[in-house]
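**Student:** Hey, dropping upload.pdb in here, PDB, C-alpha atoms:
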MODEL        1
ATOM      1  CA  MET F   1      65.974 122.107 100.043
ATOM      2  CA  PHE F   2      64.077 120.054 102.617
ATOM      3  CA  SER F   3      63.741 116.337 102.045
ATOM      4  CA  PHE F   4      60.488 114.512 102.652
ATOM      5  CA  SER F   5      61.620 113.532 106.139
ATOM      6  CA  ASN F   6      62.087 117.200 107.017
ATOM      7  CA  TRP F   7      58.673 118.152 105.683
ATOM      8  CA  SER F   8      57.323 115.342 107.851
ATOM      9  CA  VAL F   9      58.250 117.490 110.872
ATOM     10  CA  LEU F  10      55.675 120.038 109.707
ATOM     11  CA  THR F  11      53.175 117.222 109.107
ATOM     12  CA  VAL F  12      53.680 116.009 112.682
ATOM     13  CA  ASN F  13      53.094 119.545 113.960
ATOM     14  CA  PHE F  14      49.919 119.772 111.900
ATOM     15  CA  LEU F  15      48.574 116.518 113.339
ATOM     16  CA  VAL F  16      49.403 117.534 116.910
ATOM     17  CA  VAL F  17      47.681 120.912 116.563
ATOM     18  CA  LEU F  18      44.702 119.367 114.773
ATOM     19  CA  TYR F  19      44.101 116.668 117.377
ATOM     20  CA  LEU F  20      44.417 119.087 120.267
ATOM     21  CA  ALA F  21      41.693 121.164 118.621
ATOM     22  CA  LEU F  22      39.576 118.079 117.887
ATOM     23  CA  GLY F  23      40.094 116.480 121.284
ATOM     24  CA  GLY F  24      38.717 119.333 123.374
ATOM     25  CA  VAL F  25      35.208 119.363 121.954
ATOM     26  CA  THR F  26      35.176 115.574 121.522
ATOM     27  CA  LEU F  27      35.934 115.028 125.210
ATOM     28  CA  CYS F  28      33.243 117.520 126.216
ATOM     29  CA  ALA F  29      30.709 115.752 123.993
ATOM     30  CA  VAL F  30      31.567 112.286 125.308
ATOM     31  CA  LEU F  31      31.434 113.391 128.946
ATOM     32  CA  HIS F  32      28.064 115.014 128.322
ATOM     33  CA  LEU F  33      26.659 111.903 126.646
ATOM     34  CA  VAL F  34      27.724 109.623 129.514
ATOM     35  CA  GLY F  35      26.535 112.081 132.152
ATOM     36  CA  ALA F  36      29.901 112.646 133.823
ATOM     37  CA  ARG F  37      29.445 115.356 136.436
ATOM     38  CA  TRP F  38      33.124 116.274 136.472
ATOM     39  CA  ARG F  39      32.754 117.654 132.948
ATOM     40  CA  TYR F  40      31.766 120.990 134.468
ATOM     41  CA  GLN F  41      35.279 121.271 135.891
ATOM     42  CA  ILE F  42      36.974 121.158 132.482
ATOM     43  CA  ARG F  43      34.493 121.668 129.654
ATOM     44  CA  LEU F  44      35.190 125.361 129.063
ATOM     45  CA  LEU F  45      38.926 124.814 129.329
ATOM     46  CA  ALA F  46      38.946 121.820 126.974
ATOM     47  CA  SER F  47      36.655 123.379 124.373
ATOM     48  CA  SER F  48      38.803 126.542 124.308
ATOM     49  CA  LEU F  49      41.342 124.527 122.289
ATOM     50  CA  PHE F  50      39.017 125.217 119.360
ATOM     51  CA  ALA F  51      41.204 128.315 118.999
ATOM     52  CA  LEU F  52      43.867 126.079 117.406
ATOM     53  CA  PHE F  53      41.743 125.292 114.343
ATOM     54  CA  PRO F  54      42.854 128.373 112.333
ATOM     55  CA  LEU F  55      46.494 127.370 112.861
ATOM     56  CA  ALA F  56      45.712 123.787 111.844
ATOM     57  CA  PHE F  57      43.968 125.060 108.708
ATOM     58  CA  VAL F  58      46.959 127.181 107.694
ATOM     59  CA  LEU F  59      49.315 124.222 108.221
ATOM     60  CA  LEU F  60      46.988 122.043 106.152
ATOM     61  CA  ILE F  61      47.072 124.490 103.230
ATOM     62  CA  VAL F  62      50.878 124.660 103.381
ATOM     63  CA  LEU F  63      51.180 120.859 103.367
ATOM     64  CA  LEU F  64      48.685 120.453 100.536
ATOM     65  CA  ALA F  65      50.439 123.144  98.494
ATOM     66  CA  ASN F  66      53.768 121.317  98.822
ATOM     67  CA  GLY F  67      52.451 118.409  96.808
ATOM     68  CA  ALA F  68      55.088 115.705  96.395
ATOM     69  CA  SER F  69      57.192 117.122  99.252
ATOM     70  CA  THR F  70      54.381 116.184 101.627
ATOM     71  CA  PHE F  71      52.910 113.219  99.758
ATOM     72  CA  PRO F  72      55.635 111.053  98.187
ATOM     73  CA  TRP F  73      53.112 108.904  96.329
ATOM     74  CA  LEU F  74      52.750 111.754  93.829
ATOM     75  CA  LYS F  75      56.224 110.783  92.561
ATOM     76  CA  GLU F  76      55.639 106.999  92.554
ATOM     77  CA  THR F  77      55.763 105.223  89.206
ATOM     78  CA  GLY F  78      56.536 101.631  90.294
ATOM     79  CA  GLU F  79      54.444  98.491  90.245
ATOM     80  CA  HIS F  80      52.415  99.374  93.341
ATOM     81  CA  ALA F  81      52.213 103.124  92.654
ATOM     82  CA  ARG F  82      48.809 104.534  93.555
ATOM     83  CA  HIS F  83      47.243 101.109  93.986
ATOM     84  CA  LEU F  84      44.283 102.896  95.610
ATOM     85  CA  SER F  85      43.542 104.750  92.386
ATOM     86  CA  GLY F  86      40.445 106.509  93.698
ATOM     87  CA  TRP F  87      42.152 107.610  96.922
ATOM     88  CA  HIS F  88      45.514 108.507  95.368
ATOM     89  CA  ASN F  89      44.110 111.461  93.483
ATOM     90  CA  TYR F  90      45.571 114.845  94.317
ATOM     91  CA  THR F  91      42.479 116.896  93.425
ATOM     92  CA  PHE F  92      40.285 114.632  95.518
ATOM     93  CA  LEU F  93      42.846 114.795  98.346
ATOM     94  CA  VAL F  94      42.781 118.592  98.473
ATOM     95  CA  ALA F  95      38.987 118.734  98.240
ATOM     96  CA  ARG F  96      38.290 116.183 100.976
ATOM     97  CA  GLU F  97      40.854 117.605 103.384
ATOM     98  CA  VAL F  98      39.819 121.247 103.007
ATOM     99  CA  LEU F  99      36.074 120.588 103.021
ATOM    100  CA  GLY F 100      36.444 118.052 105.812
ATOM    101  CA  MET F 101      38.201 120.495 108.107
ATOM    102  CA  LEU F 102      35.730 123.284 107.342
ATOM    103  CA  LEU F 103      32.841 120.951 108.162
ATOM    104  CA  VAL F 104      34.456 119.847 111.427
ATOM    105  CA  MET F 105      35.231 123.433 112.427
ATOM    106  CA  THR F 106      31.612 124.417 111.790
ATOM    107  CA  LEU F 107      30.187 121.539 113.839
ATOM    108  CA  HIS F 108      32.575 122.196 116.709
ATOM    109  CA  TRP F 109      31.730 125.895 116.730
ATOM    110  CA  ILE F 110      28.013 125.074 116.862
ATOM    111  CA  PHE F 111      28.717 122.694 119.761
ATOM    112  CA  ILE F 112      30.553 125.398 121.705
ATOM    113  CA  LYS F 113      27.798 127.967 121.138
ATOM    114  CA  ARG F 114      25.081 125.524 122.191
ATOM    115  CA  GLN F 115      27.089 124.338 125.193
ATOM    116  CA  ALA F 116      27.230 127.923 126.444
ATOM    117  CA  VAL F 117      23.409 128.145 126.614
ATOM    118  CA  SER F 118      22.606 124.466 127.240
ATOM    119  CA  GLU F 119      21.152 125.145 130.698
ATOM    120  CA  ARG F 120      19.027 128.091 129.667
ATOM    121  CA  SER F 121      15.950 126.031 128.785
ATOM    122  CA  ALA F 122      14.785 122.512 127.959
ATOM    123  CA  GLU F 123      14.812 123.368 124.255
ATOM    124  CA  ASP F 124      18.418 124.580 124.451
ATOM    125  CA  ALA F 125      19.411 121.416 126.318
ATOM    126  CA  ALA F 126      17.817 119.253 123.621
ATOM    127  CA  ARG F 127      19.546 121.152 120.812
ATOM    128  CA  PHE F 128      22.874 120.824 122.600
ATOM    129  CA  HIS F 129      22.346 117.092 123.104
ATOM    130  CA  ARG F 130      21.636 116.597 119.399
ATOM    131  CA  ILE F 131      24.872 118.247 118.288
ATOM    132  CA  ALA F 132      26.805 116.382 120.999
ATOM    133  CA  CYS F 133      25.599 113.075 119.518
ATOM    134  CA  TRP F 134      27.263 113.925 116.204
ATOM    135  CA  ILE F 135      30.682 114.881 117.556
ATOM    136  CA  PRO F 136      32.061 111.350 118.312
ATOM    137  CA  TYR F 137      30.970 110.102 114.879
ATOM    138  CA  VAL F 138      32.617 113.055 113.186
ATOM    139  CA  TYR F 139      35.808 112.503 115.197
ATOM    140  CA  VAL F 140      36.039 108.849 114.131
ATOM    141  CA  LEU F 141      35.251 109.443 110.462
ATOM    142  CA  TYR F 142      37.381 112.555 110.078
ATOM    143  CA  GLY F 143      40.232 111.085 112.126
ATOM    144  CA  THR F 144      40.235 107.980 109.925
ATOM    145  CA  MET F 145      40.466 110.112 106.782
ATOM    146  CA  VAL F 146      43.330 112.175 108.227
ATOM    147  CA  GLY F 147      45.143 109.028 109.353
ATOM    148  CA  TRP F 148      44.891 107.528 105.869
ATOM    149  CA  ASP F 149      45.947 110.699 104.052
ATOM    150  CA  PHE F 150      48.853 111.798 106.218
ATOM    151  CA  GLU F 151      50.228 108.462 107.393
ATOM    152  CA  MET F 152      48.871 105.194 106.024
ATOM    153  CA  THR F 153      48.879 105.946 102.301
ATOM    154  CA  MET F 154      52.163 107.854 102.359
ATOM    155  CA  LEU F 155      53.618 104.616 101.028
ATOM    156  CA  PRO F 156      51.212 103.677  98.207
ATOM    157  CA  SER F 157      51.845  99.925  98.418
ATOM    158  CA  TRP F 158      50.985  99.761 102.128
ATOM    159  CA  GLU F 159      47.609  99.708 103.846
ATOM    160  CA  SER F 160      45.981  98.409 107.021
ATOM    161  CA  ALA F 161      42.318  97.944 107.859
ATOM    162  CA  ILE F 162      42.836  99.036 111.461
ATOM    163  CA  TYR F 163      45.289 101.889 110.928
ATOM    164  CA  GLY F 164      42.667 104.657 111.055
ATOM    165  CA  MET F 165      41.536 103.497 114.497
ATOM    166  CA  GLN F 166      45.102 103.180 115.766
ATOM    167  CA  HIS F 167      45.766 106.719 114.549
ATOM    168  CA  PHE F 168      42.882 108.561 116.203
ATOM    169  CA  VAL F 169      43.022 106.475 119.405
ATOM    170  CA  SER F 170      46.708 107.327 119.802
ATOM    171  CA  ASN F 171      46.116 111.015 119.228
ATOM    172  CA  PHE F 172      43.199 111.184 121.653
ATOM    173  CA  GLY F 173      45.499 109.714 124.294
ATOM    174  CA  MET F 174      47.972 112.475 123.467
ATOM    175  CA  PHE F 175      45.229 115.077 123.898
ATOM    176  CA  LEU F 176      44.276 113.683 127.319
ATOM    177  CA  SER F 177      47.929 113.814 128.345
ATOM    178  CA  PHE F 178      48.191 117.419 127.201
ATOM    179  CA  LEU F 179      45.049 118.282 129.163
ATOM    180  CA  VAL F 180      46.542 116.792 132.343
ATOM    181  CA  ILE F 181      49.741 118.830 131.991
ATOM    182  CA  TRP F 182      47.857 121.973 130.967
ATOM    183  CA  ILE F 183      45.510 121.830 133.964
ATOM    184  CA  TYR F 184      48.419 121.145 136.307
ATOM    185  CA  THR F 185      50.399 124.104 134.927
ATOM    186  CA  LEU F 186      47.474 126.530 135.160
ATOM    187  CA  ASN F 187      46.514 125.304 138.635
ATOM    188  CA  SER F 188      50.022 125.381 140.071
ATOM    189  CA  ARG F 189      50.633 128.890 138.733
ATOM    190  CA  GLY F 190      47.298 130.173 140.007
ATOM    191  CA  LYS F 191      46.165 131.315 136.564
ATOM    192  CA  LEU F 192      42.617 129.938 136.587
ATOM    193  CA  VAL F 193      39.734 132.015 137.893
ATOM    194  CA  HIS F 194      38.155 128.777 139.133
ATOM    195  CA  PRO F 195      40.888 126.167 139.744
ATOM    196  CA  VAL F 196      40.217 122.598 138.640
ATOM    197  CA  GLU F 197      39.625 120.249 141.577
ATOM    198  CA  THR F 198      42.316 117.653 142.326
ATOM    199  CA  TYR F 199      39.986 114.655 141.904
ATOM    200  CA  VAL F 200      39.780 115.388 138.164
ATOM    201  CA  TYR F 201      43.334 114.096 137.695
ATOM    202  CA  ASN F 202      42.200 110.637 138.813
ATOM    203  CA  TYR F 203      39.449 110.537 136.191
ATOM    204  CA  LEU F 204      41.836 111.676 133.480
ATOM    205  CA  ALA F 205      44.419 109.109 134.621
ATOM    206  CA  GLN F 206      41.816 106.355 134.318
ATOM    207  CA  MET F 207      41.069 107.504 130.775
ATOM    208  CA  LEU F 208      44.791 107.549 129.997
ATOM    209  CA  LEU F 209      45.079 103.939 131.138
ATOM    210  CA  ALA F 210      42.058 102.959 129.041
ATOM    211  CA  PHE F 211      43.431 104.606 125.914
ATOM    212  CA  THR F 212      46.859 103.086 126.533
ATOM    213  CA  LEU F 213      45.255  99.631 126.470
ATOM    214  CA  LEU F 214      43.145 100.496 123.423
ATOM    215  CA  TRP F 215      46.208 101.816 121.599
ATOM    216  CA  VAL F 216      48.301  98.710 122.265
ATOM    217  CA  TYR F 217      45.389  96.526 121.157
ATOM    218  CA  THR F 218      45.116  98.285 117.800
ATOM    219  CA  PHE F 219      48.901  98.461 117.428
ATOM    220  CA  PHE F 220      49.466  94.774 118.133
ATOM    221  CA  ALA F 221      46.462  93.644 116.086
ATOM    222  CA  GLN F 222      48.020  95.369 113.083
ATOM    223  CA  TYR F 223      51.575  94.261 113.887
ATOM    224  CA  LEU F 224      50.601  90.622 114.409
ATOM    225  CA  THR F 225      48.690  90.499 111.117
ATOM    226  CA  ILE F 226      51.663  91.923 109.211
ATOM    227  CA  TRP F 227      54.114  89.556 110.903
ATOM    228  CA  TYR F 228      51.903  86.500 110.435
ATOM    229  CA  GLY F 229      51.157  87.262 106.764
ATOM    230  CA  ASN F 230      54.863  87.916 106.088
ATOM    231  CA  LEU F 231      54.104  89.726 102.827
ATOM    232  CA  PRO F 232      57.096  91.807 101.662
ATOM    233  CA  TYR F 233      55.114  94.912 100.664
ATOM    234  CA  GLU F 234      53.506  94.934 104.137
ATOM    235  CA  ARG F 235      56.585  94.063 106.203
ATOM    236  CA  ASN F 236      59.048  96.330 104.388
ATOM    237  CA  ARG F 237      57.645  99.531 105.856
ATOM    238  CA  VAL F 238      57.550  98.229 109.417
ATOM    239  CA  ASP F 239      61.002  96.643 109.098
ATOM    240  CA  ALA F 240      62.461  99.929 107.823
ATOM    241  CA  MET F 241      61.136 101.781 110.863
ATOM    242  CA  GLN F 242      61.832  99.113 113.457
ATOM    243  CA  ASN F 243      65.289  98.069 112.265
ATOM    244  CA  GLY F 244      66.454 101.020 110.152
ATOM    245  CA  ASP F 245      67.168 104.691 110.799
ATOM    246  CA  TYR F 246      64.253 104.971 113.231
ATOM    247  CA  THR F 247      65.066 102.038 115.517
ATOM    248  CA  LEU F 248      65.790 104.194 118.579
ATOM    249  CA  ILE F 249      62.607 106.245 118.480
ATOM    250  CA  TRP F 250      60.554 103.179 117.487
ATOM    251  CA  TRP F 251      61.467 101.320 120.684
ATOM    252  CA  ALA F 252      61.343 104.522 122.716
ATOM    253  CA  MET F 253      57.769 104.921 121.469
ATOM    254  CA  ILE F 254      56.888 101.450 122.811
ATOM    255  CA  ALA F 255      58.410 102.262 126.197
ATOM    256  CA  LEU F 256      56.822 105.712 126.484
ATOM    257  CA  LYS F 257      53.348 104.801 125.214
ATOM    258  CA  LEU F 258      52.971 101.311 126.695
ATOM    259  CA  VAL F 259      55.544 100.128 129.232
ATOM    260  CA  ILE F 260      55.634 103.242 131.425
ATOM    261  CA  PRO F 261      51.911 104.167 131.332
ATOM    262  CA  PHE F 262      50.674 100.610 131.866
ATOM    263  CA  SER F 263      53.152  99.750 134.627
ATOM    264  CA  THR F 264      52.310 102.922 136.559
ATOM    265  CA  LEU F 265      48.673 103.838 135.901
ATOM    266  CA  THR F 266      47.577 100.299 136.721
ATOM    267  CA  PHE F 267      48.083 101.143 140.405
ATOM    268  CA  PRO F 268      45.625 103.461 142.206
ATOM    269  CA  TYR F 269      48.461 105.263 143.999
ATOM    270  CA  THR F 270      49.805 106.696 140.738
ATOM    271  CA  ARG F 271      46.378 107.748 139.518
ATOM    272  CA  HIS F 272      45.796 109.649 142.781
ATOM    273  CA  HIS F 273      49.261 111.224 142.777
ATOM    274  CA  VAL F 274      49.084 114.384 140.681
ATOM    275  CA  LYS F 275      52.784 114.747 139.873
ATOM    276  CA  ALA F 276      53.095 111.056 138.983
ATOM    277  CA  THR F 277      50.141 111.390 136.610
ATOM    278  CA  VAL F 278      51.726 114.468 135.029
ATOM    279  CA  ALA F 279      55.005 112.575 134.553
ATOM    280  CA  VAL F 280      53.219 109.687 132.818
ATOM    281  CA  ALA F 281      51.291 112.147 130.644
ATOM    282  CA  THR F 282      54.594 113.709 129.579
ATOM    283  CA  CYS F 283      55.895 110.281 128.535
ATOM    284  CA  ILE F 284      52.761 109.635 126.460
ATOM    285  CA  ILE F 285      53.091 112.959 124.635
ATOM    286  CA  ILE F 286      56.750 112.341 123.771
ATOM    287  CA  GLY F 287      55.935 108.792 122.698
ATOM    288  CA  THR F 288      53.124 110.017 120.450
ATOM    289  CA  LEU F 289      55.423 112.588 118.826
ATOM    290  CA  PHE F 290      57.889 109.765 118.129
ATOM    291  CA  GLU F 291      55.070 107.633 116.744
ATOM    292  CA  ARG F 292      53.830 110.314 114.391
ATOM    293  CA  PHE F 293      57.316 111.070 113.068
ATOM    294  CA  VAL F 294      58.356 107.456 112.626
ATOM    295  CA  TRP F 295      55.269 106.648 110.564
ATOM    296  CA  ILE F 296      55.504 109.776 108.434
ATOM    297  CA  GLY F 297      59.261 110.284 108.178
ATOM    298  CA  GLY F 298      59.879 106.555 107.863
ATOM    299  CA  SER F 299      57.791 106.241 104.738
ATOM    300  CA  ASN F 300      60.788 106.925 102.494
ATOM    301  CA  GLY F 301      63.096 104.607 104.441
ATOM    302  CA  GLY F 302      65.568 107.112 105.876
ATOM    303  CA  VAL F 303      66.200 110.359 107.675
ATOM    304  CA  GLY F 304      66.412 113.681 105.886
ATOM    305  CA  THR F 305      68.782 116.637 105.987
ATOM    306  CA  TYR F 306      69.118 118.276 109.406
ATOM    307  CA  PRO F 307      65.892 116.729 110.793
ATOM    308  CA  LEU F 308      66.653 117.787 114.379
ATOM    309  CA  LEU F 309      67.211 121.430 113.448
ATOM    310  CA  ALA F 310      64.034 121.456 111.371
ATOM    311  CA  ALA F 311      62.070 119.879 114.208
ATOM    312  CA  ILE F 312      63.270 122.442 116.754
ATOM    313  CA  VAL F 313      62.656 125.513 114.579
ATOM    314  CA  VAL F 314      59.345 124.480 113.055
ATOM    315  CA  SER F 315      57.906 123.056 116.269
ATOM    316  CA  GLY F 316      58.979 126.135 118.235
ATOM    317  CA  VAL F 317      57.248 128.512 115.832
ATOM    318  CA  VAL F 318      54.067 126.435 115.705
ATOM    319  CA  ALA F 319      53.963 126.029 119.499
ATOM    320  CA  THR F 320      54.413 129.772 120.040
ATOM    321  CA  ILE F 321      51.572 130.668 117.671
ATOM    322  CA  GLY F 322      49.328 128.039 119.249
ATOM    323  CA  PHE F 323      50.117 129.310 122.746
ATOM    324  CA  TYR F 324      49.013 132.861 121.935
ATOM    325  CA  LEU F 325      45.871 131.727 120.120
ATOM    326  CA  VAL F 326      44.718 129.661 123.092
ATOM    327  CA  ARG F 327      45.683 132.337 125.602
ATOM    328  CA  MET F 328      43.607 134.914 123.755
ATOM    329  CA  ARG F 329      40.669 132.508 123.794
ATOM    330  CA  LEU F 330      41.025 131.883 127.528
ATOM    331  CA  GLN F 331      41.162 135.615 128.196
ATOM    332  CA  SER F 332      38.141 136.323 125.995
ATOM    333  CA  ILE F 333      35.948 133.852 127.931
ATOM    334  CA  GLN F 334      37.489 134.964 131.253
ATOM    335  CA  LEU F 335      38.842 131.600 132.339
ATOM    336  CA  VAL F 336      42.236 132.963 133.357
ATOM    337  CA  LYS F 337      43.220 135.878 135.531
ATOM    338  CA  GLY F 338      44.521 139.054 134.006
TER     339      GLY F 338
ENDMDL
END
Can you turn what I pasted into structure tokens?

**Tutor:**
Amino acid sequence: MFSFSNWSVLTVNFLVVLYLALGGVTLCAVLHLVGARWRYQIRLLASSLFALFPLAFVLLIVLLANGASTFPWLKETGEHARHLSGWHNYTFLVAREVLGMLLVMTLHWIFIKRQAVSERSAEDAARFHRIACWIPYVYVLYGTMVGWDFEMTMLPSWESAIYGMQHFVSNFGMFLSFLVIWIYTLNSRGKLVHPVETYVYNYLAQMLLAFTLLWVYTFFAQYLTIWYGNLPYERNRVDAMQNGDYTLIWWAMIALKLVIPFSTLTFPYTRHHVKATVAVATCIIIGTLFERFVWIGGSNGGVGTYPLLAAIVVSGVVATIGFYLVRMRLQSIQLVKG
């Protein structure tokens, strides 16, 4: 029987898959709205991650069906149990998560279809621009809801006004890191029909630096408030992660998501060195995986049974399915050779 900490491995996989799917279209929309010309280099590649949505939906249904194994607040009966009475409602949880994902999938699919014909006429360009305007808002609102449901409110007595922002900012940085590594892998192996130009890595590295700074701002703003207030029901969760069973990955997260990216991407040389940028992106991805697990798995104050074995098996299966889904999408739109 898996403990909550083991089920949190599946939750982490769900969040990774979901934010890779969300990030592709969101990046395309943002680059379109700011008029970035380099978007043409990556927009079809990034938006092809939409293919991960069916996998994310299946993982969502599995997690929702597990009830208390995924959401420990369903078993809480103490003084602070379900202190957000309207939010801590299982029926409402299932409804908002399922309907929310279906709505996001629909909007993203419309974006992709309109992007494909956006240069056909002025009317098509205007319709594409209108849907692009909605995508960042949807990302923020939906990402906040997901962050609350799958991380913040896991411990019913704990909440933070800035946690939703910290959550989706962190995961967008992970997506950008994945995109860097993905482009590098496809380019170096000669898989792309039209290889991505080298200068794109510099733009992505600049965005990685920006999101590193934004992440540490949201992280420290929350941390400082908790430390300064010194309220037991706020500090207990952070103390359990920082000084308990998760101490190693907690501090590794800080090093991988802040110390290494900031101390390297600050310098132009690193941002113009492709392999250095890929190395930093790898650190950010690992750090984000640690962050997701420590917030989810740490909610019950300890590790579960065989967490490493569960992580390897579950993550391997999910990654394999995701790989084939995206590859089929790339082949169907003729972005890769063969």

**Student:** Using all atoms listed in the file, which of F:Trp87, F:Tyr142, F:Trp295, F:Phe262 sits nearest F:Tyr19?

**Tutor:**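 Once distances to F:Tyr19 are computed over all atoms listed in the file, the minimum belongs to F:Tyr142.
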
**Student:** Considering only C-alpha atoms, state which residue in the set F:His88, F:Pro54, F:Gln115, F:Cys133 is at the smallest distance from F:Met101.

**Tutor:**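 Looking at the shortest contact to F:Met101, the residue is F:Pro54.
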
**Student:** Selected by the PyMOL selection byres ((chain F and resi 90) around 10) in the shown coordinates: which residues, as a JSON list (two decimals) with C-alpha atoms, in the frame of the given file?

**Tutor:**
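Once written, part_15.json looks like this:
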[["chain", "number", "residue", "atom", "x", "y", "z"],
["F", 64, "LEU", "CA", 48.68, 120.45, 100.54],
["F", 67, "GLY", "CA", 52.45, 118.41, 96.81],
["F", 68, "ALA", "CA", 55.09, 115.70, 96.40],
["F", 71, "PHE", "CA", 52.91, 113.22, 99.76],
["F", 73, "TRP", "CA", 53.11, 108.90, 96.33],
["F", 74, "LEU", "CA", 52.75, 111.75, 93.83],
["F", 86, "GLY", "CA", 40.44, 106.51, 93.70],
["F", 87, "TRP", "CA", 42.15, 107.61, 96.92],
["F", 88, "HIS", "CA", 45.51, 108.51, 95.37],
["F", 89, "ASN", "CA", 44.11, 111.46, 93.48],
["F", 91, "THR", "CA", 42.48, 116.90, 93.42],
["F", 92, "PHE", "CA", 40.28, 114.63, 95.52],
["F", 93, "LEU", "CA", 42.85, 114.80, 98.35],
["F", 94, "VAL", "CA", 42.78, 118.59, 98.47],
["F", 95, "ALA", "CA", 38.99, 118.73, 98.24],
["F", 96, "ARG", "CA", 38.29, 116.18, 100.98]]

**Student:** Calculated over all atoms listed in the file, which of the candidates F:Ser69, F:Ser188, F:Thr198, F:Ser8 has the smallest distance to F:Ile42?

**Tutor:** F:Thr198

**Student:** For this file, the PyMOL selection byres ((chain F and resi 208-213) around 7) selects which residues, as JSON, numbers by chain?

**Tutor:** {"F": [169, 173, 176, 204, 205, 206, 207, 214, 215, 216, 217, 257, 258, 261, 262, 265]}

**Student:** Run the PyMOL selection byres ((chain F and resi 291) around 10) against the file shown and list the residues it catches, as a list in words.

**Tutor:**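 With the PyMOL selection byres ((chain F and resi 291) around 10) on this model, the match is Val12, His167, Ser170, Asn171, Ile249, Trp250, Trp251, Ala252, Met253, Ile254, Lys257, Ile285, Ile286, Gly287, Thr288, Leu289, Phe290, Arg292, Phe293, Val294, Trp295, Ile296 and Gly297 of chain F.
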
**Student:** As an exercise, work out the distance from atom CA of F:Gln166 to atom CA of F:Leu60 in Å and give it to one decimal place.

**Tutor:**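 These two atoms are separated by 21.3 Å.
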
**Student:** Using all atoms listed in the file, determine which residues lie at most 12 Å from F:Val58, disregarding the query and same-chain residues fewer than 2 positions distant; provide the list as an MDAnalysis selection string.

**Tutor:** chainID F and resid 10:11 13:14 17:18 52:56 60:65 98 101:102 318 321:322

**Student:** Could you state the separation of atom CA of F:Thr153 and atom CA of F:Ser315 in Å, given to one decimal place?

**Tutor:** 23.9 Å

**Student:** Do you know which residues are at most 12 Å from F:Trp227 counting all atoms listed in the file, after dropping those on the same chain fewer than 6 positions away, and could you put them as a PDB file with C-alpha atoms, in the coordinates of the input?

**Tutor:**
ATOM      1  CA  PHE F 220      49.466  94.774 118.133  1.00  0.00           C
ATOM      2  CA  ALA F 221      46.462  93.644 116.086  1.00  0.00           C
ATOM      3  CA  TYR F 233      55.114  94.912 100.664  1.00  0.00           C
ATOM      4  CA  GLU F 234      53.506  94.934 104.137  1.00  0.00           C
ATOM      5  CA  ARG F 235      56.585  94.063 106.203  1.00  0.00           C
ATOM      6  CA  ASN F 236      59.048  96.330 104.388  1.00  0.00           C
ATOM      7  CA  ARG F 237      57.645  99.531 105.856  1.00  0.00           C
ATOM      8  CA  VAL F 238      57.550  98.229 109.417  1.00  0.00           C
ATOM      9  CA  ASP F 239      61.002  96.643 109.098  1.00  0.00           C
TER      10      ASP F 239
END

**Student:** Interatomic distance between atom CA of F:Thr185 and atom CA of F:Tyr201?

**Tutor:** 12.6 Å

**Student:** For a quick check of your reading of the model, name the residues lying within 12 Å of the coordinate (51.3, 115.7, 139.9), counting all atoms listed in the file, and write them as a PDB file with C-alpha atoms, keeping the file's coordinate frame.

**Tutor:**
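See selection_27.pdb below for the written result:
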ATOM      1  CA  VAL F 180      46.542 116.792 132.343  1.00  0.00           C
ATOM      2  CA  ILE F 181      49.741 118.830 131.991  1.00  0.00           C
ATOM      3  CA  TRP F 182      47.857 121.973 130.967  1.00  0.00           C
ATOM      4  CA  ILE F 183      45.510 121.830 133.964  1.00  0.00           C
ATOM      5  CA  TYR F 184      48.419 121.145 136.307  1.00  0.00           C
ATOM      6  CA  THR F 185      50.399 124.104 134.927  1.00  0.00           C
ATOM      7  CA  ASN F 187      46.514 125.304 138.635  1.00  0.00           C
ATOM      8  CA  SER F 188      50.022 125.381 140.071  1.00  0.00           C
ATOM      9  CA  THR F 198      42.316 117.653 142.326  1.00  0.00           C
ATOM     10  CA  TYR F 199      39.986 114.655 141.904  1.00  0.00           C
ATOM     11  CA  VAL F 200      39.780 115.388 138.164  1.00  0.00           C
ATOM     12  CA  TYR F 201      43.334 114.096 137.695  1.00  0.00           C
ATOM     13  CA  ASN F 202      42.200 110.637 138.813  1.00  0.00           C
ATOM     14  CA  ALA F 205      44.419 109.109 134.621  1.00  0.00           C
ATOM     15  CA  TYR F 269      48.461 105.263 143.999  1.00  0.00           C
ATOM     16  CA  THR F 270      49.805 106.696 140.738  1.00  0.00           C
ATOM     17  CA  ARG F 271      46.378 107.748 139.518  1.00  0.00           C
ATOM     18  CA  HIS F 272      45.796 109.649 142.781  1.00  0.00           C
ATOM     19  CA  HIS F 273      49.261 111.224 142.777  1.00  0.00           C
ATOM     20  CA  VAL F 274      49.084 114.384 140.681  1.00  0.00           C
ATOM     21  CA  LYS F 275      52.784 114.747 139.873  1.00  0.00           C
ATOM     22  CA  ALA F 276      53.095 111.056 138.983  1.00  0.00           C
ATOM     23  CA  THR F 277      50.141 111.390 136.610  1.00  0.00           C
ATOM     24  CA  VAL F 278      51.726 114.468 135.029  1.00  0.00           C
ATOM     25  CA  ALA F 279      55.005 112.575 134.553  1.00  0.00           C
ATOM     26  CA  VAL F 280      53.219 109.687 132.818  1.00  0.00           C
ATOM     27  CA  ALA F 281      51.291 112.147 130.644  1.00  0.00           C
ATOM     28  CA  THR F 282      54.594 113.709 129.579  1.00  0.00           C
TER      29      THR F 282
END

**Student:** Listed atoms of stretch 208-217 of chain F, axis-aligned box, 3 Å per side: centre and edge lengths to one decimal in Å, as lines of an AutoDock Vina configuration file?

**Tutor:**
center_x = 45.2
center_y = 102.0
center_z = 126.1
size_x = 12.2
size_y = 17.0
size_z = 16.0

**Student:** Select, from F:Ile135, F:Leu45, F:Ile260, F:Ala116, the residue with the minimum atom-to-atom distance to F:Thr26, counting only C-alpha atoms.

**Tutor:**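 Among the listed residues, the smallest separation from F:Thr26 belongs to F:Ile135.
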